[in-house]
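> Take a look at this one; I'll ask things after.
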Amino acid sequence: MFRRKLTALDYHNPGGFDCKDETEFRNCIVWLEDQKIRHYKIEDRGNLRNIPSSDWPAAFQQYLQDVSSPFSGAERQEALDWLLGLAVRYEYGDNVDKYRKCPPLSASSNSEKPADPLVNLDSSSPDFKAGVTALANILKIQRHDDYLVMLKAIRILIEARLSPEAITKSSQNKEGLPVALDKHILGFDTGDATLNEAAQILRLLHIEELRELQTRINEALVAVQAIIADPKTDHRLGKVGR
């Protein structure tokens with residue numbers, strides 16, 4: 001989750017950074033202060049630079065307070081992400097002319113097809129898996145061993161039923177047509193005209209429910225076919241990818 005900001009700041013190992021590694025985490029904090037943020041004077045950075053010290057957490061907490069961070073030292077990931085954002089802001093402020101000359105991404109090539117945003121996701125990340133699982137539970141989507149496949153199914157469902165156009169369409173009032181009950185044969189007689197009429201109404205409502213169920217089944221089939229049609233999916237082998 002920190003790779004993009006670390007890359008923007010020219011960190012030496014943005015792809016391999018492990019926030020859970022205590023030594024690596026402390027080194028990153030010291031690097032941010034020394035190279036990018038520079039809130040303290042050099043002579044005042046001693047406690048923060050003393051990485052092996054058991055008092056380092058207290059120094060880190062004090063540092064967060066001094067830079068007006070909204071997060072505490074106990075919120076490691078949030079605090080680090082906030083410090084990275086602060087460093088990026090300072091980096092831009094120190095090199096405004098340099099970054100203003102960078103061409104916009106849209107000007108690089110209009111002929112290129114937009115890349116699939118799912119390609120660059122780290123599907124092995126615990127945060128990614130937890131997020132996809134939570135969405136699947138909310139939308140009541142069947143679990144799958146491949147979390148990218150599950151995410152694609154979520155996207156298909158959202159585009160089909162939860163997009164602004166779909167919501168607008170579903171919220172429109174549908175005017176029903178009058179139904180002549182005497183033209184619908186019930187198939188049996190209860191011996192009471194009122195009961196016969198109620199049974200006819202219940203039967204028509206049941207038919208409507210069956211039609212709605214068939215519509216949902218068709219939507220599910222479309223979603224499955226869209227996943228199977230993915231060139232990376234070999235449904236004959238029962239697995240996804242290589």
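Here's how to read the names in the structure tokens: chain A, B, ... by the order shown, residue numbers from 1 in each chain, ligand numbers from 1 in the order shown.
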Residues near Ser68 of chain A, anyone? I mean within 12 Å using only C-alpha atoms, not counting same-chain ones fewer than 5 positions away, as a short mmCIF file (atom, residue, chain, number, x, y, z; two decimals) with N, CA and C atoms, in the first residue's frame.


data_model
loop_
_atom_site.label_atom_id
_atom_site.label_comp_id
_atom_site.auth_asym_id
_atom_site.auth_seq_id
_atom_site.Cartn_x
_atom_site.Cartn_y
_atom_site.Cartn_z
N HIS A 39 11.84 18.11 9.58
CA HIS A 39 11.16 18.94 10.57
C HIS A 39 12.12 19.34 11.70
N GLN A 61 6.62 8.55 18.82
CA GLN A 61 5.36 9.17 19.22
C GLN A 61 5.52 10.69 19.35
N GLN A 62 6.64 11.12 19.93
CA GLN A 62 6.90 12.54 20.07
C GLN A 62 7.05 13.20 18.71
N TYR A 63 7.68 12.49 17.79
CA TYR A 63 7.88 13.01 16.44
C TYR A 63 6.54 13.21 15.74
N ALA A 79 -0.01 6.01 10.34
CA ALA A 79 0.97 7.08 10.60
C ALA A 79 2.02 7.14 9.49
N TRP A 82 0.54 8.63 6.35
CA TRP A 82 0.39 10.08 6.49
C TRP A 82 1.74 10.78 6.33
N LEU A 83 2.80 10.21 6.91
CA LEU A 83 4.14 10.81 6.78
C LEU A 83 4.61 10.76 5.33
N LEU A 86 2.93 13.54 3.56
CA LEU A 86 3.57 14.80 3.92
C LEU A 86 4.88 14.98 3.16
#

> As a PyMOL selection string, please: the residues near Pro57 of chain A (cut-off 12 Å, only C-alpha atoms, same-chain neighbours under 5 positions excluded).

chain A and resi 22-23+25-26+29+47-52+62-64+72-76

> Can I get the selected residues back with N, CA and C atoms, as a PDB file, in the first residue's frame?


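What landed in out.pdb:
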ATOM      1  N   GLU A  22      10.281  -4.418  12.042  1.00  0.00           N
ATOM      2  CA  GLU A  22      10.515  -3.303  12.943  1.00  0.00           C
ATOM      3  C   GLU A  22      11.719  -2.467  12.533  1.00  0.00           C
ATOM      4  N   THR A  23      12.826  -3.126  12.217  1.00  0.00           N
ATOM      5  CA  THR A  23      14.032  -2.386  11.831  1.00  0.00           C
ATOM      6  C   THR A  23      13.818  -1.623  10.538  1.00  0.00           C
ATOM      7  N   PHE A  25      10.983  -0.613   9.301  1.00  0.00           N
ATOM      8  CA  PHE A  25      10.031   0.469   9.559  1.00  0.00           C
ATOM      9  C   PHE A  25      10.734   1.676  10.172  1.00  0.00           C
ATOM     10  N   ARG A  26      11.575   1.436  11.189  1.00  0.00           N
ATOM     11  CA  ARG A  26      12.270   2.540  11.858  1.00  0.00           C
ATOM     12  C   ARG A  26      13.235   3.232  10.904  1.00  0.00           C
ATOM     13  N   ILE A  29      11.335   5.603   8.681  1.00  0.00           N
ATOM     14  CA  ILE A  29      10.934   6.835   9.365  1.00  0.00           C
ATOM     15  C   ILE A  29      12.113   7.808   9.442  1.00  0.00           C
ATOM     16  N   ASN A  47      17.452  11.041  18.999  1.00  0.00           N
ATOM     17  CA  ASN A  47      16.567  10.009  19.550  1.00  0.00           C
ATOM     18  C   ASN A  47      15.876   9.207  18.454  1.00  0.00           C
ATOM     19  N   LEU A  48      15.507   9.887  17.386  1.00  0.00           N
ATOM     20  CA  LEU A  48      14.833   9.192  16.281  1.00  0.00           C
ATOM     21  C   LEU A  48      15.816   8.307  15.517  1.00  0.00           C
ATOM     22  N   ARG A  49      17.067   8.738  15.435  1.00  0.00           N
ATOM     23  CA  ARG A  49      18.068   7.959  14.716  1.00  0.00           C
ATOM     24  C   ARG A  49      18.582   6.764  15.511  1.00  0.00           C
ATOM     25  N   ASN A  50      18.344   6.762  16.807  1.00  0.00           N
ATOM     26  CA  ASN A  50      18.810   5.670  17.657  1.00  0.00           C
ATOM     27  C   ASN A  50      17.859   4.479  17.503  1.00  0.00           C
ATOM     28  N   ILE A  51      17.939   3.832  16.358  1.00  0.00           N
ATOM     29  CA  ILE A  51      16.992   2.784  15.988  1.00  0.00           C
ATOM     30  C   ILE A  51      16.985   1.600  16.953  1.00  0.00           C
ATOM     31  N   PRO A  52      18.128   1.115  17.442  1.00  0.00           N
ATOM     32  CA  PRO A  52      18.095  -0.066  18.337  1.00  0.00           C
ATOM     33  C   PRO A  52      17.553   0.233  19.737  1.00  0.00           C
ATOM     34  N   GLN A  62       6.636  11.115  19.926  1.00  0.00           N
ATOM     35  CA  GLN A  62       6.895  12.542  20.070  1.00  0.00           C
ATOM     36  C   GLN A  62       7.046  13.202  18.706  1.00  0.00           C
ATOM     37  N   TYR A  63       7.684  12.487  17.790  1.00  0.00           N
ATOM     38  CA  TYR A  63       7.876  13.011  16.442  1.00  0.00           C
ATOM     39  C   TYR A  63       6.537  13.213  15.742  1.00  0.00           C
ATOM     40  N   LEU A  64       5.632  12.250  15.903  1.00  0.00           N
ATOM     41  CA  LEU A  64       4.312  12.366  15.292  1.00  0.00           C
ATOM     42  C   LEU A  64       3.564  13.579  15.843  1.00  0.00           C
ATOM     43  N   SER A  72      -1.390   8.149  15.985  1.00  0.00           N
ATOM     44  CA  SER A  72      -0.435   7.882  17.053  1.00  0.00           C
ATOM     45  C   SER A  72       0.554   6.809  16.611  1.00  0.00           C
ATOM     46  N   GLY A  73       1.548   6.558  17.457  1.00  0.00           N
ATOM     47  CA  GLY A  73       2.537   5.539  17.136  1.00  0.00           C
ATOM     48  C   GLY A  73       1.961   4.139  17.094  1.00  0.00           C
ATOM     49  N   ALA A  74       0.833   3.927  17.777  1.00  0.00           N
ATOM     50  CA  ALA A  74       0.199   2.610  17.758  1.00  0.00           C
ATOM     51  C   ALA A  74      -0.443   2.317  16.404  1.00  0.00           C
ATOM     52  N   GLU A  75      -0.791   3.372  15.674  1.00  0.00           N
ATOM     53  CA  GLU A  75      -1.384   3.210  14.348  1.00  0.00           C
ATOM     54  C   GLU A  75      -0.275   3.299  13.304  1.00  0.00           C
ATOM     55  N   ARG A  76       0.527   2.254  13.227  1.00  0.00           N
ATOM     56  CA  ARG A  76       1.757   2.283  12.438  1.00  0.00           C
ATOM     57  C   ARG A  76       1.502   2.544  10.955  1.00  0.00           C
TER      58      ARG A  76
END

> Just how far from atom CA of Lys36 of chain A is atom CA of Asp10 of chain A, in Å to one decimal?

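Atom CA of Lys36 of chain A lies at a distance of 10.3 Å from atom CA of Asp10 of chain A.
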